[in-house]
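K.L.:
What follows is a single structure, and I will ask about it in a moment.
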Amino acid sequence: MSLLYLVSLLLFLFYVGQLSTRIARPSLTEWFLTTFLLGAGSVILTGFILSALRLTASSPVWAGSVFVTATILGTVLGRLAATASGTARLANPANHRFSVASLLRERRHTFEQWFGQLPGYSRFLFSLLFVTLVIIAITNLSLVLFTVPNEWDSMTGHLNRVMQYIQRGTMRHFGGTNWNMDTYPKSVCTLQIYSFLMTGRFENGFKFIHHLSYWTAIVAVFGIVQRIGQLSRGQASLSASFFCALAYALLPDFLMQAITTETDIVLTAYLSVLLYMLFTYKQTGDTRYLWLAGMAFGVAFGHKITFALLLPSVFVVMIYTVFLSPSLAVTVGRTWRLAMAIGIGVCLWTLPTGYLKNIEVFGHPIGPPTALKHQSVERAGSLRNLLEQGSRNVVRYGYDHVNLDGIRNLEVGTDINHTMRKPLVMLEDKLHMRLDEETDFSIQPFAFDRKFVFYNANPYWGVFGFALIIPLLLLTLLGIVRSTPHVYLGLALALHFAALSYSAPYDPFKGRYFIETGLFGILFLALLFLNPRTSVATPGRAIWKGYVGLITILGCVSAILCIYLNIRALPFGWTAPDGKAYPSAFASDRIRQMAVGRPDLYVPYKRFDALVPDTATVALGTINDDYEYPLYGPKLSRRLIAINPFEQGLKPIPAEADYLFFDKSVIKPQPGDIRLGTDTTIRAMMIVPAEDYYLRKLKKSREDQ
C-alpha cells in the first residue's frame with residue numbers, strides 16, 4: 001500500500017503540473033510557481049474538508065480527494081486565465097496548454113547561450129555560485145531524507161500537534177500542553193499530514209513542504225528580477241536574475257531552514273509567489289495574475305499570523321505594481337479586481353485555518369493572553385516604552401546583521417568577526433544606546449557577541465547582507481542609485497524591518513524571521529547588473545569588481561560552513577569552538593539527534609524509549625516547554641494524551657492510558673514510580689533546563705499477568 005500511496009503522490013504532482021499549463025503563460029518559472037501554488041492550495045483545502053469529516057488520518061481518502069480539489073481549482077483558474085487573455089475558447093481550455101518538455105529544451109539552449117557569452121569575470125562568479133549551490137543541494141537533500149527533525153518549536157508544538165491530528169482523525173481544537181499546538185494556523189499541517197501519509201508514514205516527509213519552499217522562493221526570485229529587468233533594462237536581466245536567485249539560495253538564514261520543519265520558510269515561499277504575480281501583472285496587465293495574487297495572499301495569511309507584519313510591505317509593492325496607472329478609472333478597476341481576489345482567497349484559505357476558533361476560545365486570533373504578553377507588543381507596556389525599546393530593537397537587529405555568519409562557526413572566523421565589529425561596539429558605547437543593558441523588551445538579552453547556540457542555528461544574512469544588500473539599499477533610498485522598482489522594494493524592506501522590531505521583544509533567535517525581509521533585500525543585487533552606476537559588467541571598475549568578487553567568495557564559503565558546521569544537522573562529526581564534540585547526524589541515534597538543543601533530556605528520554613512499548617498509550621503530565629514529539633517513538637506509533645493542557649489545570653488520568661510520563665513539578669511522585677531523571681551536570685548551560693522526569697506504569701502487560 002505504501003508504494004501505491006507514493007505513486008498517487010507523484011501522479012498528483014504531475015497532474016497539478018498539467019493543470020498549470022492551462023493557467024500559466026509559456027514560462028518555465030511561471031509554470032513552476034503556479035504548480036506550487038495550485039498544489040499547496042489544493043492540499044490545504046482538502047485538509048480542511050477532511051478534518052470536518054474526521055478523515056484527517058485516512059490515507060485512501062487523501063490519495064483520491066486531492067485530485068478532486070485540484071481539478072475544481074485548476075478549472076476555475078484556467079477559465080479565468082482564458083478570460084484574462086482575451087480568448088473566447090472557454091469550452092476547451094486544453095487549447096491553451098503548452099509543453100513543459102519543449103520549454104525545458106528551449107531554456108537549456110538559452111542558458112548555454114547566455115553562459116557561453118559571459119566575460120571571464122562574470123563566468124567566474126556564476127561558476128562559483130553554481131558549484132556551491134550544487135554541493136549544498138546534494139547535502140541538504142541527504143539531510144532531509146536521512147536525518148530526523150529536531151527544532152525546538154517542532155518538538156514542543158508543530159510536529160507534536162500534527163501527530164495529535166493524525167491520532168484524533170481531525171484538526172479540531174483539543175487543547176495541548178504547549179500553547180502553539182492549537183493556536184497556530186493549521187494549513188501547514190495539512191501539507192505535512194498529506195506528505196507523511198502518502199510516503200507510507202515516513203517521518204522525514206514532514207520536511208518536504210519546507211524543502212520544496214526553499215526551491216520555490218529561489219525560482220520566484222529569478223522570475224521577479226526577470227520582470228524588474230524587463231521593466232527597466234532588459235539586456236542584462238538574465239545575469240541579474242541568476243545572481244539574485246543564487247545569492248538568495250546561499251543566504252544563511254534562508255539556507256538553514258531548508259532542512260527543518262520551521263514555518264517561516266514556507267511563508268517566504270508564499271510571499272515570493274505573491275510578489276512574482278504582482279510584478280508580472282505590472283509587466284503584462286493580464287488580470288489572471290491578480291487572481292493568482294489573491295490566492296497567494298489568502299494562502300500566506302492562512303499559513304501564519306506574522307504575515308500581518310508583511311501587510312504594509314505588500315501594500316507598498318501593490319502601489320507600484322497595481323495601483324499606479326494612467327487614470328483613476330483604471331486604478332479603480334484594478335483595485336476592485338485585486339480586492340475581490342484577495343477576499344475570495346481569505347475566505348477559502350485564511351478563515352478556516354483556526355483564527356476564528358482562537359477568537360472563540362481565547363478571545364484573540366493569535367492565542368491566550370499569556371502568550372501575547374510574552375511575545376507581542378503587550379510586553380512593552382506603554383506606547384512610549386514601546387517606541388523607545390522598539391527603536392533599540394531596530395539598532396539591535398541592525399547590529400546582528402553585521403556578522404560573518406557561517407564563517408564565525410570556526411574559531412578563526414569568530415576572532416575575525418569580533419575584530420571587525422569593534423568599531424560598532426565603540427560607536428554604541430559613545431552614543432549610550434544601552435542596547436545590552438535595557439532588557440524589559442527582550443526574550444533573551446542582547447549581546448554584541450551572541451552565543452554560539454544562537455548564531456549557529458539562526459544566522460541572519462551574512463556577508464551578502466551587510467556588504468552588498470544594505471549598501472545598495474541605502475544608495476537607492478538616498479537617490480544616488482536610481483531605480484523606481486527598487487525604491488518601492490526598499491520601502492517594503494524598511495517597513496518589515498520596523499514591524500519585526502516594534503511588534504515583539506528582541507529575540508536572538510529572530511534570524512529566522514528575517515528571511516522574508518531578505519526576500520525584498522536580495523532583489524537589490526540585481527543593481528549589480530541592471531544599473532549603470534553599480535554594474536559589474538561595465539568595462540574597467542577593477543576595485544568594484546574585486547570587491548563584489550570577494551564578497552561572492554566569502555558568501556559561498558559562509559554558505560558551505562553554515563551547512564557543514566550546523567550542530568543541529570551535521571553531515572560529519574565536529575568539535576565546536578566551545579570544545580563540545582558532536583556526532584554526524586547520519587550516525588546519531590534518534591533521541592540524541594532530537595536532543596541536540598536540550599541534551600540534558602537525552603538520558604530520561606532514552607530510558608523512556610527502552611521501557612515503554614511502541615504501541616502503548618501514554619498520559620503526559622508535562623509543561624509548555626517539554627519536548628513531547630520524541631515520545632511518540634521511532635515508529636511514531638505511541639498514543640499520547642496530554643493531561644496538563646496549557647493554562648487549564650491538571651486533568652484526570654484517562655482510563656485507557658498504559659503509562660504516565662510526568663514532571664515532578666506537575667505531579668508528585670509516589671512509591672513505585674520510576675525516576676527517569678535528567679542530566680543535572682549541564683543544567684547551567686541550558687537556555688531552558690529539562691525537568692525531573694518520572695514514569696508510572698498504570699496497567700499490567702501480558703508478561704506481568
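Ordering of the C-alpha cells sets the chain letters (A, B, ...); residue numbers start at 1 within each chain; ligands are numbered from 1 in the order shown.
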As an MDAnalysis selection string, please: all residues of segment 452-511 of chain A that backbone DSSP puts in alpha helix (DSSP H).

P.N.:
chainID A and resid 452:457 462:464 470:477 484:503

K.L.:
Excluding same-chain residues fewer than 4 positions from segment 483-488 of chain A, what lies within 9 Å of it counting only C-alpha atoms, as a list in words?

P.N.:
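In the requested form, the answer reads Ile228, Leu231, Ser232, Ser313, Val316, Val317, Ile319, Tyr320, Thr321, Leu473, Thr476, Leu477, Gly479, Ala492, Leu493, Leu523, Phe524, Leu527 and Asn531 of chain A.
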
K.L.:
Keeping only N, CA, C and O atoms, write those residues as a PDB file, in the first residue's frame.

P.N.:
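New file part11.pdb:
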ATOM      1  N   ILE A 228      11.485  42.732 -13.262  1.00  0.00           N
ATOM      2  CA  ILE A 228      12.063  44.049 -12.993  1.00  0.00           C
ATOM      3  C   ILE A 228      13.034  44.433 -14.101  1.00  0.00           C
ATOM      4  O   ILE A 228      13.057  45.582 -14.575  1.00  0.00           O
ATOM      5  N   LEU A 231      11.337  45.571 -17.128  1.00  0.00           N
ATOM      6  CA  LEU A 231      10.685  46.865 -16.954  1.00  0.00           C
ATOM      7  C   LEU A 231      11.691  48.014 -17.017  1.00  0.00           C
ATOM      8  O   LEU A 231      11.353  49.134 -17.360  1.00  0.00           O
ATOM      9  N   SER A 232      12.946  47.728 -16.665  1.00  0.00           N
ATOM     10  CA  SER A 232      13.911  48.813 -16.597  1.00  0.00           C
ATOM     11  C   SER A 232      15.018  48.697 -17.646  1.00  0.00           C
ATOM     12  O   SER A 232      15.180  49.562 -18.481  1.00  0.00           O
ATOM     13  N   SER A 313       4.321  46.166   3.819  1.00  0.00           N
ATOM     14  CA  SER A 313       5.308  45.963   2.749  1.00  0.00           C
ATOM     15  C   SER A 313       4.630  45.510   1.467  1.00  0.00           C
ATOM     16  O   SER A 313       4.941  46.007   0.370  1.00  0.00           O
ATOM     17  N   VAL A 316       2.851  48.387  -0.211  1.00  0.00           N
ATOM     18  CA  VAL A 316       3.761  49.277  -0.947  1.00  0.00           C
ATOM     19  C   VAL A 316       4.073  48.703  -2.323  1.00  0.00           C
ATOM     20  O   VAL A 316       4.093  49.423  -3.334  1.00  0.00           O
ATOM     21  N   VAL A 317       4.318  47.397  -2.379  1.00  0.00           N
ATOM     22  CA  VAL A 317       4.576  46.751  -3.671  1.00  0.00           C
ATOM     23  C   VAL A 317       3.342  46.835  -4.558  1.00  0.00           C
ATOM     24  O   VAL A 317       3.441  47.043  -5.776  1.00  0.00           O
ATOM     25  N   ILE A 319       1.166  49.222  -4.567  1.00  0.00           N
ATOM     26  CA  ILE A 319       1.074  50.595  -5.088  1.00  0.00           C
ATOM     27  C   ILE A 319       1.823  50.694  -6.411  1.00  0.00           C
ATOM     28  O   ILE A 319       1.308  51.226  -7.397  1.00  0.00           O
ATOM     29  N   TYR A 320       3.029  50.135  -6.425  1.00  0.00           N
ATOM     30  CA  TYR A 320       3.858  50.221  -7.629  1.00  0.00           C
ATOM     31  C   TYR A 320       3.340  49.335  -8.756  1.00  0.00           C
ATOM     32  O   TYR A 320       3.313  49.746  -9.925  1.00  0.00           O
ATOM     33  N   THR A 321       2.912  48.120  -8.424  1.00  0.00           N
ATOM     34  CA  THR A 321       2.575  47.147  -9.467  1.00  0.00           C
ATOM     35  C   THR A 321       1.120  47.204  -9.931  1.00  0.00           C
ATOM     36  O   THR A 321       0.814  46.807 -11.053  1.00  0.00           O
ATOM     37  N   LEU A 473      20.886  49.094  -0.826  1.00  0.00           N
ATOM     38  CA  LEU A 473      19.613  49.623  -0.316  1.00  0.00           C
ATOM     39  C   LEU A 473      19.746  51.096   0.043  1.00  0.00           C
ATOM     40  O   LEU A 473      18.909  51.930  -0.352  1.00  0.00           O
ATOM     41  N   THR A 476      20.129  53.386  -2.939  1.00  0.00           N
ATOM     42  CA  THR A 476      18.864  53.568  -3.665  1.00  0.00           C
ATOM     43  C   THR A 476      17.944  54.534  -2.940  1.00  0.00           C
ATOM     44  O   THR A 476      17.365  55.446  -3.544  1.00  0.00           O
ATOM     45  N   LEU A 477      17.791  54.340  -1.632  1.00  0.00           N
ATOM     46  CA  LEU A 477      16.891  55.197  -0.869  1.00  0.00           C
ATOM     47  C   LEU A 477      17.399  56.637  -0.798  1.00  0.00           C
ATOM     48  O   LEU A 477      16.600  57.575  -0.660  1.00  0.00           O
ATOM     49  N   GLY A 479      18.843  58.068  -3.290  1.00  0.00           N
ATOM     50  CA  GLY A 479      18.735  58.618  -4.633  1.00  0.00           C
ATOM     51  C   GLY A 479      20.023  58.619  -5.415  1.00  0.00           C
ATOM     52  O   GLY A 479      20.069  59.127  -6.545  1.00  0.00           O
ATOM     53  N   ALA A 492       9.463  48.734   1.255  1.00  0.00           N
ATOM     54  CA  ALA A 492       8.863  47.497   1.749  1.00  0.00           C
ATOM     55  C   ALA A 492       9.788  46.810   2.745  1.00  0.00           C
ATOM     56  O   ALA A 492       9.355  46.324   3.799  1.00  0.00           O
ATOM     57  N   LEU A 493      11.077  46.776   2.424  1.00  0.00           N
ATOM     58  CA  LEU A 493      12.060  46.167   3.333  1.00  0.00           C
ATOM     59  C   LEU A 493      12.116  46.916   4.655  1.00  0.00           C
ATOM     60  O   LEU A 493      12.092  46.305   5.737  1.00  0.00           O
ATOM     61  N   LEU A 523      16.733  41.313  -3.880  1.00  0.00           N
ATOM     62  CA  LEU A 523      16.425  41.884  -5.198  1.00  0.00           C
ATOM     63  C   LEU A 523      17.297  43.094  -5.519  1.00  0.00           C
ATOM     64  O   LEU A 523      17.410  43.488  -6.685  1.00  0.00           O
ATOM     65  N   PHE A 524      17.933  43.668  -4.488  1.00  0.00           N
ATOM     66  CA  PHE A 524      18.822  44.811  -4.722  1.00  0.00           C
ATOM     67  C   PHE A 524      20.116  44.389  -5.405  1.00  0.00           C
ATOM     68  O   PHE A 524      20.805  45.215  -6.009  1.00  0.00           O
ATOM     69  N   LEU A 527      20.881  45.240  -9.071  1.00  0.00           N
ATOM     70  CA  LEU A 527      21.501  46.506  -9.472  1.00  0.00           C
ATOM     71  C   LEU A 527      22.953  46.324  -9.896  1.00  0.00           C
ATOM     72  O   LEU A 527      23.520  47.187 -10.573  1.00  0.00           O
ATOM     73  N   ASN A 531      21.925  48.444 -13.241  1.00  0.00           N
ATOM     74  CA  ASN A 531      22.089  49.892 -13.095  1.00  0.00           C
ATOM     75  C   ASN A 531      23.479  50.334 -13.553  1.00  0.00           C
ATOM     76  O   ASN A 531      24.485  49.751 -13.127  1.00  0.00           O
TER      77      ASN A 531
END

K.L.:
For segment 58-68 of chain A, work out the shell of residues within 12 Å, counting only C-alpha atoms and skipping chain neighbours fewer than 6 positions away, then give it as an MDAnalysis selection string.

P.N.:
chainID A and resid 1:16 19 38:51 74:75 165:170 190:191 193:201

K.L.:
Determine the nearest neighbour of Val188 of chain A from the options A:Leu33, A:Trp349, A:Thr681, A:Phe202, counting only C-alpha atoms.

P.N.:
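Using only C-alpha atoms, Val188 of chain A sits closest to A:Trp349.
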
K.L.:
Taking into account only C-alpha atoms, which residue in the set A:Pro505, A:Gly157, A:Pro368, A:Gly406 is nearest to Asp253 of chain A?

P.N.:
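Smallest distance to Asp253 of chain A is found for A:Gly406.
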
K.L.:
What does the distance from atom CA of Val361 of chain A to atom CA of Ala52 of chain A come to in Å, to one decimal?

P.N.:
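Separating atom CA of Val361 of chain A from atom CA of Ala52 of chain A is a distance of 18.0 Å.
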
K.L.:
So, with only C-alpha atoms as the atoms that count, which of A:Leu309, A:Leu290, A:Leu129, A:Leu468 lies closest to Trp544 of chain A?

P.N.:
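Of A:Leu309, A:Leu290, A:Leu129, A:Leu468, the one nearest Trp544 of chain A, counting only C-alpha atoms, is A:Leu468.
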
K.L.:
Using only C-alpha atoms, can you tell me which of A:Leu660, A:Leu145, A:Ala576, A:Asn178 comes closest to Thr414 of chain A?

P.N.:
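Closest to Thr414 of chain A, using only C-alpha atoms: A:Ala576.
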
K.L.:
Record the distance separating atom CA of Gly175 of chain A and atom CA of Arg54 of chain A, expressed in Å with one decimal.

P.N.:
17.2 Å

K.L.:
Calculate how many Å separate atom CA of Arg533 of chain A from atom CA of Gly465 of chain A, rounding to one decimal.

P.N.:
19.7 Å

K.L.:
For Leu410 of chain A, find every residue with an atom within 12 Å (counting only C-alpha atoms), except residues of its own chain fewer than 3 positions away, and show them as a list in words.

P.N.:
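Neighbouring residues, sequence-local ones excluded: Leu404, Asp405, Gly406, Ile407, Gly413, Thr414, Asp415, Ile416, Asn417, Phe452, Tyr455, Asn456, Val557, Ser558, Leu561, Cys562, Tyr564, Leu565, Asn566, Trp574, Thr575, Ala576, Pro577, Asp578 and Gly579 of chain A.
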
K.L.:
The selected residues should be written to file as an mmCIF file, in the first residue's frame (atoms: N, CA and C atoms).

P.N.:
data_model
loop_
_atom_site.group_PDB
_atom_site.id
_atom_site.type_symbol
_atom_site.label_atom_id
_atom_site.label_comp_id
_atom_site.auth_asym_id
_atom_site.auth_seq_id
_atom_site.Cartn_x
_atom_site.Cartn_y
_atom_site.Cartn_z
ATOM 1 N N LEU A 404 29.745 37.824 10.245
ATOM 2 C CA LEU A 404 30.201 36.845 9.261
ATOM 3 C C LEU A 404 29.544 35.500 9.557
ATOM 4 N N ASP A 405 28.233 35.457 9.415
ATOM 5 C CA ASP A 405 27.505 34.229 9.720
ATOM 6 C C ASP A 405 28.024 33.077 8.869
ATOM 7 N N GLY A 406 28.146 31.930 9.485
ATOM 8 C CA GLY A 406 28.724 30.767 8.828
ATOM 9 C C GLY A 406 30.213 30.722 9.059
ATOM 10 N N ILE A 407 30.914 31.764 8.660
ATOM 11 C CA ILE A 407 32.372 31.809 8.824
ATOM 12 C C ILE A 407 32.737 31.820 10.298
ATOM 13 N N GLY A 413 37.256 32.381 12.469
ATOM 14 C CA GLY A 413 36.190 33.248 11.985
ATOM 15 C C GLY A 413 35.585 34.078 13.094
ATOM 16 N N THR A 414 35.474 33.486 14.279
ATOM 17 C CA THR A 414 34.965 34.214 15.440
ATOM 18 C C THR A 414 35.886 35.374 15.799
ATOM 19 N N ASP A 415 37.193 35.137 15.757
ATOM 20 C CA ASP A 415 38.173 36.182 16.075
ATOM 21 C C ASP A 415 38.101 37.324 15.056
ATOM 22 N N ILE A 416 38.014 36.965 13.773
ATOM 23 C CA ILE A 416 37.917 37.994 12.725
ATOM 24 C C ILE A 416 36.618 38.778 12.885
ATOM 25 N N ASN A 417 35.556 38.066 13.163
ATOM 26 C CA ASN A 417 34.258 38.706 13.331
ATOM 27 C C ASN A 417 34.273 39.674 14.507
ATOM 28 N N PHE A 452 27.151 31.009 20.739
ATOM 29 C CA PHE A 452 27.272 30.090 19.618
ATOM 30 C C PHE A 452 25.941 29.408 19.294
ATOM 31 N N TYR A 455 23.768 31.939 17.041
ATOM 32 C CA TYR A 455 24.133 32.263 15.666
ATOM 33 C C TYR A 455 24.395 31.020 14.819
ATOM 34 N N ASN A 456 24.680 29.879 15.455
ATOM 35 C CA ASN A 456 24.914 28.674 14.666
ATOM 36 C C ASN A 456 23.638 28.184 13.989
ATOM 37 N N VAL A 557 31.679 30.623 0.818
ATOM 38 C CA VAL A 557 32.340 29.947 1.947
ATOM 39 C C VAL A 557 31.410 29.906 3.161
ATOM 40 N N SER A 558 30.738 31.023 3.436
ATOM 41 C CA SER A 558 29.846 31.073 4.597
ATOM 42 C C SER A 558 28.683 30.099 4.436
ATOM 43 N N LEU A 561 29.946 26.577 5.138
ATOM 44 C CA LEU A 561 30.206 26.396 6.571
ATOM 45 C C LEU A 561 28.906 26.366 7.373
ATOM 46 N N CYS A 562 27.905 27.129 6.928
ATOM 47 C CA CYS A 562 26.602 27.092 7.603
ATOM 48 C C CYS A 562 26.032 25.679 7.606
ATOM 49 N N TYR A 564 27.771 22.657 6.764
ATOM 50 C CA TYR A 564 28.657 21.588 7.237
ATOM 51 C C TYR A 564 29.070 21.746 8.690
ATOM 52 N N LEU A 565 28.813 22.907 9.296
ATOM 53 C CA LEU A 565 29.129 23.100 10.716
ATOM 54 C C LEU A 565 27.875 23.465 11.505
ATOM 55 N N ASN A 566 26.734 23.010 11.049
ATOM 56 C CA ASN A 566 25.470 23.240 11.746
ATOM 57 C C ASN A 566 25.253 22.107 12.742
ATOM 58 N N TRP A 574 31.949 16.814 14.388
ATOM 59 C CA TRP A 574 32.706 18.070 14.503
ATOM 60 C C TRP A 574 32.776 18.485 15.965
ATOM 61 N N THR A 575 33.864 19.172 16.312
ATOM 62 C CA THR A 575 34.009 19.765 17.636
ATOM 63 C C THR A 575 33.844 21.270 17.508
ATOM 64 N N ALA A 576 32.852 21.818 18.182
ATOM 65 C CA ALA A 576 32.521 23.241 18.091
ATOM 66 C C ALA A 576 33.582 24.093 18.787
ATOM 67 N N PRO A 577 33.576 25.421 18.525
ATOM 68 C CA PRO A 577 34.563 26.299 19.171
ATOM 69 C C PRO A 577 34.534 26.257 20.696
ATOM 70 N N ASP A 578 33.376 25.885 21.278
ATOM 71 C CA ASP A 578 33.315 25.805 22.737
ATOM 72 C C ASP A 578 33.882 24.497 23.274
ATOM 73 N N GLY A 579 34.421 23.646 22.386
ATOM 74 C CA GLY A 579 35.055 22.405 22.809
ATOM 75 C C GLY A 579 34.143 21.199 22.871
#

K.L.:
Which residue gives the smallest distance to Tyr121 of chain A among A:Phe301, A:Ala537, A:His496, A:Asp679, with only C-alpha atoms counted?

P.N.:
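Among the listed residues, A:Ala537 lies closest to Tyr121 of chain A.
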
K.L.:
What's around Leu267 of chain A at 8 Å? Count only C-alpha atoms, leave out sequence neighbours fewer than 3 positions away in its own chain, and write the answer as an MDAnalysis selection string.

P.N.:
chainID A and resid 263:264 270:271 300 303:304 307 516

K.L.:
Those selected residues, please, written with all heavy atoms and delivered as a PDB file, in the first residue's frame.

P.N.:
ATOM      1  N   THR A 263       8.429  27.109  10.248  1.00  0.00           N
ATOM      2  CA  THR A 263       7.316  27.562   9.413  1.00  0.00           C
ATOM      3  C   THR A 263       7.643  28.777   8.546  1.00  0.00           C
ATOM      4  O   THR A 263       6.937  29.043   7.571  1.00  0.00           O
ATOM      5  CB  THR A 263       6.107  27.912  10.296  1.00  0.00           C
ATOM      6  OG1 THR A 263       6.499  28.908  11.258  1.00  0.00           O
ATOM      7  CG2 THR A 263       5.607  26.683  11.038  1.00  0.00           C
ATOM      8  N   ASP A 264       8.688  29.513   8.860  1.00  0.00           N
ATOM      9  CA  ASP A 264       8.933  30.787   8.165  1.00  0.00           C
ATOM     10  C   ASP A 264       9.355  30.596   6.718  1.00  0.00           C
ATOM     11  O   ASP A 264       9.053  31.433   5.871  1.00  0.00           O
ATOM     12  CB  ASP A 264       9.990  31.599   8.923  1.00  0.00           C
ATOM     13  CG  ASP A 264       9.512  31.986  10.312  1.00  0.00           C
ATOM     14  OD1 ASP A 264       8.707  32.916  10.404  1.00  0.00           O
ATOM     15  OD2 ASP A 264       9.923  31.332  11.278  1.00  0.00           O
ATOM     16  N   TYR A 270       5.360  31.433  -0.089  1.00  0.00           N
ATOM     17  CA  TYR A 270       4.073  32.037  -0.463  1.00  0.00           C
ATOM     18  C   TYR A 270       4.245  33.513  -0.807  1.00  0.00           C
ATOM     19  O   TYR A 270       3.672  34.007  -1.789  1.00  0.00           O
ATOM     20  CB  TYR A 270       3.066  31.898   0.683  1.00  0.00           C
ATOM     21  CG  TYR A 270       2.686  30.482   1.035  1.00  0.00           C
ATOM     22  CD1 TYR A 270       2.341  30.141   2.348  1.00  0.00           C
ATOM     23  CD2 TYR A 270       2.660  29.477   0.080  1.00  0.00           C
ATOM     24  CE1 TYR A 270       1.979  28.848   2.683  1.00  0.00           C
ATOM     25  CE2 TYR A 270       2.296  28.184   0.409  1.00  0.00           C
ATOM     26  CZ  TYR A 270       1.961  27.870   1.714  1.00  0.00           C
ATOM     27  OH  TYR A 270       1.605  26.590   2.046  1.00  0.00           O
ATOM     28  N   LEU A 271       5.031  34.224  -0.004  1.00  0.00           N
ATOM     29  CA  LEU A 271       5.275  35.644  -0.262  1.00  0.00           C
ATOM     30  C   LEU A 271       5.974  35.834  -1.602  1.00  0.00           C
ATOM     31  O   LEU A 271       5.643  36.758  -2.365  1.00  0.00           O
ATOM     32  CB  LEU A 271       6.113  36.247   0.866  1.00  0.00           C
ATOM     33  CG  LEU A 271       6.579  37.691   0.674  1.00  0.00           C
ATOM     34  CD1 LEU A 271       5.391  38.646   0.660  1.00  0.00           C
ATOM     35  CD2 LEU A 271       7.577  38.089   1.770  1.00  0.00           C
ATOM     36  N   ALA A 300      -0.992  32.622   2.136  1.00  0.00           N
ATOM     37  CA  ALA A 300       0.051  33.154   3.022  1.00  0.00           C
ATOM     38  C   ALA A 300      -0.519  33.588   4.361  1.00  0.00           C
ATOM     39  O   ALA A 300       0.036  33.269   5.422  1.00  0.00           O
ATOM     40  CB  ALA A 300       0.762  34.329   2.344  1.00  0.00           C
ATOM     41  N   HIS A 303      -1.349  30.777   6.523  1.00  0.00           N
ATOM     42  CA  HIS A 303      -0.208  29.981   6.988  1.00  0.00           C
ATOM     43  C   HIS A 303       0.282  30.416   8.361  1.00  0.00           C
ATOM     44  O   HIS A 303       0.570  29.588   9.225  1.00  0.00           O
ATOM     45  CB  HIS A 303       0.936  30.078   5.985  1.00  0.00           C
ATOM     46  CG  HIS A 303       2.193  29.400   6.435  1.00  0.00           C
ATOM     47  ND1 HIS A 303       2.343  28.030   6.416  1.00  0.00           N
ATOM     48  CD2 HIS A 303       3.348  29.902   6.927  1.00  0.00           C
ATOM     49  CE1 HIS A 303       3.540  27.719   6.878  1.00  0.00           C
ATOM     50  NE2 HIS A 303       4.171  28.836   7.196  1.00  0.00           N
ATOM     51  N   LYS A 304       0.386  31.740   8.567  1.00  0.00           N
ATOM     52  CA  LYS A 304       0.954  32.236   9.830  1.00  0.00           C
ATOM     53  C   LYS A 304       0.536  33.678  10.041  1.00  0.00           C
ATOM     54  O   LYS A 304       0.516  34.481   9.094  1.00  0.00           O
ATOM     55  CB  LYS A 304       2.489  32.122   9.795  1.00  0.00           C
ATOM     56  CG  LYS A 304       3.161  32.267  11.149  1.00  0.00           C
ATOM     57  CD  LYS A 304       4.651  31.992  11.044  1.00  0.00           C
ATOM     58  CE  LYS A 304       5.300  32.078  12.430  1.00  0.00           C
ATOM     59  NZ  LYS A 304       6.762  31.847  12.366  1.00  0.00           N
ATOM     60  N   PHE A 307       2.244  37.040   8.861  1.00  0.00           N
ATOM     61  CA  PHE A 307       2.034  37.674   7.561  1.00  0.00           C
ATOM     62  C   PHE A 307       1.427  39.059   7.730  1.00  0.00           C
ATOM     63  O   PHE A 307       1.591  39.930   6.868  1.00  0.00           O
ATOM     64  CB  PHE A 307       1.123  36.800   6.681  1.00  0.00           C
ATOM     65  CG  PHE A 307       0.916  37.343   5.293  1.00  0.00           C
ATOM     66  CD1 PHE A 307       1.945  37.339   4.365  1.00  0.00           C
ATOM     67  CD2 PHE A 307      -0.309  37.874   4.915  1.00  0.00           C
ATOM     68  CE1 PHE A 307       1.762  37.853   3.083  1.00  0.00           C
ATOM     69  CE2 PHE A 307      -0.512  38.384   3.636  1.00  0.00           C
ATOM     70  CZ  PHE A 307       0.532  38.372   2.718  1.00  0.00           C
ATOM     71  N   GLU A 516      12.004  36.663   5.261  1.00  0.00           N
ATOM     72  CA  GLU A 516      11.055  37.401   4.413  1.00  0.00           C
ATOM     73  C   GLU A 516      11.601  38.790   4.084  1.00  0.00           C
ATOM     74  O   GLU A 516      11.471  39.267   2.952  1.00  0.00           O
ATOM     75  CB  GLU A 516       9.700  37.515   5.111  1.00  0.00           C
ATOM     76  CG  GLU A 516       8.990  36.195   5.312  1.00  0.00           C
ATOM     77  CD  GLU A 516       8.913  35.802   6.774  1.00  0.00           C
ATOM     78  OE1 GLU A 516       8.882  36.695   7.634  1.00  0.00           O
ATOM     79  OE2 GLU A 516       8.889  34.600   7.049  1.00  0.00           O
TER      80      GLU A 516
END

K.L.:
Compare A:Gln593, A:Phe111, A:Leu103, A:Ile553 by their minimum atom-to-atom distance to Leu250 of chain A, counting only C-alpha atoms, and give me the closest one.

P.N.:
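Counting only C-alpha atoms, the residue closest to Leu250 of chain A is A:Ile553.
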
K.L.:
For Ala341 of chain A, please output as JSON, numbers by chain all residues within 12 Å (counting only C-alpha atoms; exclusion window: fewer than 5 positions along the same chain).

P.N.:
{"A": [77, 80, 287, 288, 289, 290, 291, 292, 293, 294, 295, 296, 297, 298, 299, 334, 335, 336, 346, 347, 348, 349]}
